[in-house]
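Colleague: Dropping in query-v5.txt, which is compact mmCIF, N, CA and C atoms:
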# COMPACT_ATOMS: atom_id res chain seq x y z
N MET A 1 0.86 -1.16 0.00
CA MET A 1 0.00 0.00 0.00
C MET A 1 0.90 1.22 0.00
N THR A 2 0.71 2.06 -0.98
CA THR A 2 1.52 3.27 -1.09
C THR A 2 0.68 4.49 -0.73
N LEU A 3 1.35 5.57 -0.43
CA LEU A 3 0.66 6.82 -0.15
C LEU A 3 -0.17 7.24 -1.36
N GLN A 4 0.36 7.03 -2.57
CA GLN A 4 -0.39 7.39 -3.78
C GLN A 4 -1.70 6.61 -3.88
N LEU A 5 -1.66 5.31 -3.59
CA LEU A 5 -2.89 4.51 -3.64
C LEU A 5 -3.89 5.00 -2.59
N LEU A 6 -3.42 5.31 -1.40
CA LEU A 6 -4.32 5.83 -0.37
C LEU A 6 -4.99 7.12 -0.82
N GLN A 7 -4.23 7.99 -1.46
CA GLN A 7 -4.78 9.25 -1.96
C GLN A 7 -5.81 8.99 -3.06
N GLU A 8 -5.54 8.02 -3.93
CA GLU A 8 -6.47 7.71 -5.02
C GLU A 8 -7.74 7.05 -4.48
N ILE A 9 -7.62 6.22 -3.45
CA ILE A 9 -8.80 5.62 -2.82
C ILE A 9 -9.71 6.72 -2.32
N ASP A 10 -9.12 7.72 -1.67
CA ASP A 10 -9.89 8.84 -1.14
C ASP A 10 -10.42 9.73 -2.26
N ARG A 11 -9.57 10.08 -3.20
CA ARG A 11 -9.93 11.00 -4.29
C ARG A 11 -11.05 10.47 -5.17
N PHE A 12 -10.98 9.18 -5.52
CA PHE A 12 -11.96 8.59 -6.42
C PHE A 12 -13.05 7.81 -5.69
N ASP A 13 -13.02 7.85 -4.33
CA ASP A 13 -14.00 7.13 -3.51
C ASP A 13 -14.10 5.65 -3.92
N LEU A 14 -12.92 5.02 -4.06
CA LEU A 14 -12.87 3.62 -4.48
C LEU A 14 -13.48 2.71 -3.41
N ARG A 15 -14.19 1.72 -3.83
CA ARG A 15 -14.85 0.76 -2.94
C ARG A 15 -14.22 -0.60 -3.17
N TRP A 16 -13.89 -1.32 -2.09
CA TRP A 16 -13.23 -2.61 -2.27
C TRP A 16 -13.45 -3.56 -1.09
N THR A 17 -14.31 -3.21 -0.14
CA THR A 17 -14.53 -4.08 1.01
C THR A 17 -15.83 -4.86 0.86
N CYS A 18 -15.97 -5.88 1.66
CA CYS A 18 -17.18 -6.69 1.64
C CYS A 18 -18.43 -5.85 1.90
N ASP A 19 -18.32 -4.84 2.75
CA ASP A 19 -19.47 -3.98 3.04
C ASP A 19 -20.01 -3.29 1.80
N ASP A 20 -19.19 -3.12 0.77
CA ASP A 20 -19.60 -2.45 -0.45
C ASP A 20 -19.93 -3.42 -1.58
N CYS A 21 -19.91 -4.70 -1.32
CA CYS A 21 -20.09 -5.72 -2.36
C CYS A 21 -21.53 -6.20 -2.43
N VAL A 22 -22.03 -6.39 -3.64
CA VAL A 22 -23.41 -6.87 -3.82
C VAL A 22 -23.58 -8.32 -3.37
N HIS A 23 -22.48 -9.04 -3.16
CA HIS A 23 -22.57 -10.44 -2.75
C HIS A 23 -22.59 -10.62 -1.24
N LEU A 24 -22.60 -9.52 -0.47
CA LEU A 24 -22.68 -9.60 0.98
C LEU A 24 -24.12 -9.84 1.37
N GLY A 25 -24.36 -10.87 2.13
CA GLY A 25 -25.70 -11.18 2.59
C GLY A 25 -25.82 -11.00 4.09
N GLU A 26 -27.02 -10.83 4.57
CA GLU A 26 -27.30 -10.73 6.00
C GLU A 26 -28.30 -11.82 6.35
N GLY A 27 -27.99 -12.57 7.40
CA GLY A 27 -28.88 -13.62 7.86
C GLY A 27 -29.08 -13.54 9.35
N PRO A 28 -29.80 -14.49 9.92
CA PRO A 28 -30.07 -14.46 11.36
C PRO A 28 -28.81 -14.55 12.21
N THR A 29 -27.74 -15.10 11.66
CA THR A 29 -26.49 -15.22 12.43
C THR A 29 -25.48 -14.15 12.05
N GLY A 30 -25.88 -13.18 11.21
CA GLY A 30 -24.99 -12.09 10.83
C GLY A 30 -24.67 -12.08 9.34
N ALA A 31 -23.65 -11.32 8.99
CA ALA A 31 -23.27 -11.15 7.59
C ALA A 31 -22.53 -12.38 7.06
N PHE A 32 -22.66 -12.61 5.76
CA PHE A 32 -21.97 -13.72 5.11
C PHE A 32 -21.77 -13.39 3.64
N CYS A 33 -20.81 -14.08 3.02
CA CYS A 33 -20.57 -13.93 1.59
C CYS A 33 -21.44 -14.94 0.85
N ASN A 34 -22.19 -14.47 -0.13
CA ASN A 34 -23.06 -15.36 -0.90
C ASN A 34 -22.28 -16.40 -1.71
N HIS A 35 -20.98 -16.18 -1.89
CA HIS A 35 -20.14 -17.13 -2.60
C HIS A 35 -19.36 -18.03 -1.66
N GLY A 36 -19.55 -17.85 -0.37
CA GLY A 36 -18.91 -18.71 0.61
C GLY A 36 -17.47 -18.38 0.94
N TRP A 37 -16.99 -17.19 0.54
CA TRP A 37 -15.61 -16.83 0.86
C TRP A 37 -15.48 -16.68 2.37
N PRO A 38 -14.41 -17.22 2.93
CA PRO A 38 -14.22 -17.12 4.38
C PRO A 38 -13.81 -15.70 4.78
N GLY A 39 -14.20 -15.31 5.95
CA GLY A 39 -13.84 -13.98 6.46
C GLY A 39 -14.48 -12.89 5.65
N LEU A 40 -14.72 -11.79 6.24
CA LEU A 40 -15.29 -10.67 5.52
C LEU A 40 -14.26 -9.56 5.54
N SER A 41 -13.66 -9.32 4.40
CA SER A 41 -12.51 -8.44 4.25
C SER A 41 -12.71 -7.04 4.84
N ARG A 42 -11.95 -6.74 5.86
CA ARG A 42 -11.86 -5.43 6.49
C ARG A 42 -13.17 -4.89 7.02
N ARG A 43 -14.11 -5.75 7.41
CA ARG A 43 -15.33 -5.24 8.03
C ARG A 43 -14.96 -4.61 9.37
N GLY A 44 -15.28 -3.37 9.53
CA GLY A 44 -15.01 -2.67 10.78
C GLY A 44 -13.54 -2.42 11.05
N ALA A 45 -12.72 -2.52 10.03
CA ALA A 45 -11.28 -2.35 10.21
C ALA A 45 -10.91 -0.88 10.38
N SER A 46 -9.76 -0.67 10.95
CA SER A 46 -9.26 0.69 11.12
C SER A 46 -8.87 1.27 9.76
N PRO A 47 -8.69 2.58 9.67
CA PRO A 47 -8.30 3.20 8.40
C PRO A 47 -7.00 2.61 7.85
N LEU A 48 -6.88 2.62 6.54
CA LEU A 48 -5.68 2.11 5.87
C LEU A 48 -4.49 3.03 6.12
N ARG A 49 -3.30 2.43 6.13
CA ARG A 49 -2.06 3.18 6.30
C ARG A 49 -1.04 2.70 5.28
N PRO A 50 -0.07 3.54 4.93
CA PRO A 50 1.00 3.09 4.02
C PRO A 50 1.65 1.83 4.57
N GLY A 51 1.90 0.86 3.71
CA GLY A 51 2.52 -0.39 4.12
C GLY A 51 1.53 -1.51 4.43
N ASP A 52 0.25 -1.17 4.62
CA ASP A 52 -0.77 -2.21 4.86
C ASP A 52 -0.90 -3.09 3.63
N ALA A 53 -1.24 -4.34 3.84
CA ALA A 53 -1.50 -5.27 2.73
C ALA A 53 -2.99 -5.27 2.44
N LEU A 54 -3.34 -5.39 1.16
CA LEU A 54 -4.73 -5.48 0.76
C LEU A 54 -5.00 -6.85 0.17
N VAL A 55 -6.19 -7.37 0.42
CA VAL A 55 -6.62 -8.62 -0.17
C VAL A 55 -7.89 -8.32 -0.94
N PHE A 56 -7.87 -8.61 -2.22
CA PHE A 56 -9.03 -8.34 -3.06
C PHE A 56 -9.72 -9.65 -3.41
N CYS A 57 -11.03 -9.64 -3.40
CA CYS A 57 -11.83 -10.80 -3.77
C CYS A 57 -12.10 -10.75 -5.28
N LYS A 58 -11.94 -11.86 -5.94
CA LYS A 58 -12.17 -11.91 -7.38
C LYS A 58 -13.66 -11.80 -7.73
N GLU A 59 -14.53 -11.99 -6.75
CA GLU A 59 -15.96 -11.93 -6.99
C GLU A 59 -16.56 -10.57 -6.72
N PHE A 60 -15.75 -9.58 -6.28
CA PHE A 60 -16.28 -8.29 -5.87
C PHE A 60 -17.01 -7.60 -6.99
N GLU A 61 -18.21 -7.14 -6.67
CA GLU A 61 -18.99 -6.28 -7.55
C GLU A 61 -19.61 -5.21 -6.68
N GLY A 62 -19.23 -3.97 -6.91
CA GLY A 62 -19.74 -2.87 -6.10
C GLY A 62 -21.14 -2.46 -6.53
N TYR A 63 -21.76 -1.74 -5.67
CA TYR A 63 -23.11 -1.23 -5.95
C TYR A 63 -23.05 -0.18 -7.02
As a first step, turn the structure in this file into structure tokens.
Modeller:
Amino acid sequence: MTLQLLQEIDRFDLRWTCDDCVHLGEGPTGAFCNHGWPGLSRRGASPLRPGDALVFCKEFEGY
């Protein structure tokens, strides 16, 4: 993660977390991925910083 990428995420309002994905479902036991991916990427995570690693889901589709 570079400072330039952080600036572009903010500048272009880029979306890349499970909370912004159309495949995120809500059920009686909480949130889940409709494709069965384990873990929900950065839900409730702290703000990004230079040097952080990002994990992108190949199934992501934003609203």
Colleague: For a test of reading the model, state the distance in Å between atom N of A:Leu40 and atom CA of A:Asp13, rounded to one decimal.
Modeller: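 Those two atoms sit 21.3 Å apart.
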Colleague: In Å, rounded to a single decimal, give me how far atom CA of A:Gly39 is from atom N of A:Thr17.
Modeller: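 Atom N of A:Thr17 sits 12.6 Å away from atom CA of A:Gly39.
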Colleague: Could you pull out the alpha helix (DSSP H) residues of chain A, going by DSSP on the backbone, and write them as a list in words?
Modeller: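 Written out, the alpha helix (DSSP H) residues of chain A are Leu3, Gln4, Leu5, Leu6, Gln7, Glu8, Ile9, Asp10 and Arg11 of chain A.
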Colleague: Residues near stretch 1-9 of chain A, anyone? I mean within 5 Å using all atoms listed in the file, not counting same-chain ones fewer than 2 positions away, as a compact mmCIF listing (two decimals) with N, CA and C atoms, keeping the file's coordinate frame.
Modeller:
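The new file selection.txt reads:
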# COMPACT_ATOMS: atom_id res chain seq x y z
N ARG A 11 -9.57 10.08 -3.20
CA ARG A 11 -9.93 11.00 -4.29
C ARG A 11 -11.05 10.47 -5.17
N PHE A 12 -10.98 9.18 -5.52
CA PHE A 12 -11.96 8.59 -6.42
C PHE A 12 -13.05 7.81 -5.69
N ASP A 13 -13.02 7.85 -4.33
CA ASP A 13 -14.00 7.13 -3.51
C ASP A 13 -14.10 5.65 -3.92
N LEU A 14 -12.92 5.02 -4.06
CA LEU A 14 -12.87 3.62 -4.48
C LEU A 14 -13.48 2.71 -3.41
N PRO A 50 -0.07 3.54 4.93
CA PRO A 50 1.00 3.09 4.02
C PRO A 50 1.65 1.83 4.57
N GLY A 51 1.90 0.86 3.71
CA GLY A 51 2.52 -0.39 4.12
C GLY A 51 1.53 -1.51 4.43
N ASP A 52 0.25 -1.17 4.62
CA ASP A 52 -0.77 -2.21 4.86
C ASP A 52 -0.90 -3.09 3.63
Colleague: Using DSSP on the backbone, list every residue of chain A that comes out as strand (DSSP E), and give them as an MDAnalysis selection string.
Modeller: chainID A and resid 24:27 30:33
Colleague: In Å, how far is it from atom N of A:Leu24 to atom N of A:Glu59?
Modeller: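 So the answer is 10.5 Å.
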Colleague: So that all listed atoms of stretch 26-43 of chain A fit with 5 Å spare on each side, what axis-aligned box centre and edge lengths in Å, to one decimal, would you give as JSON?
Modeller:
{"center_x": -21.0, "center_y": -11.7, "center_z": 4.9, "size_x": 28.2, "size_y": 24.1, "size_z": 25.0}
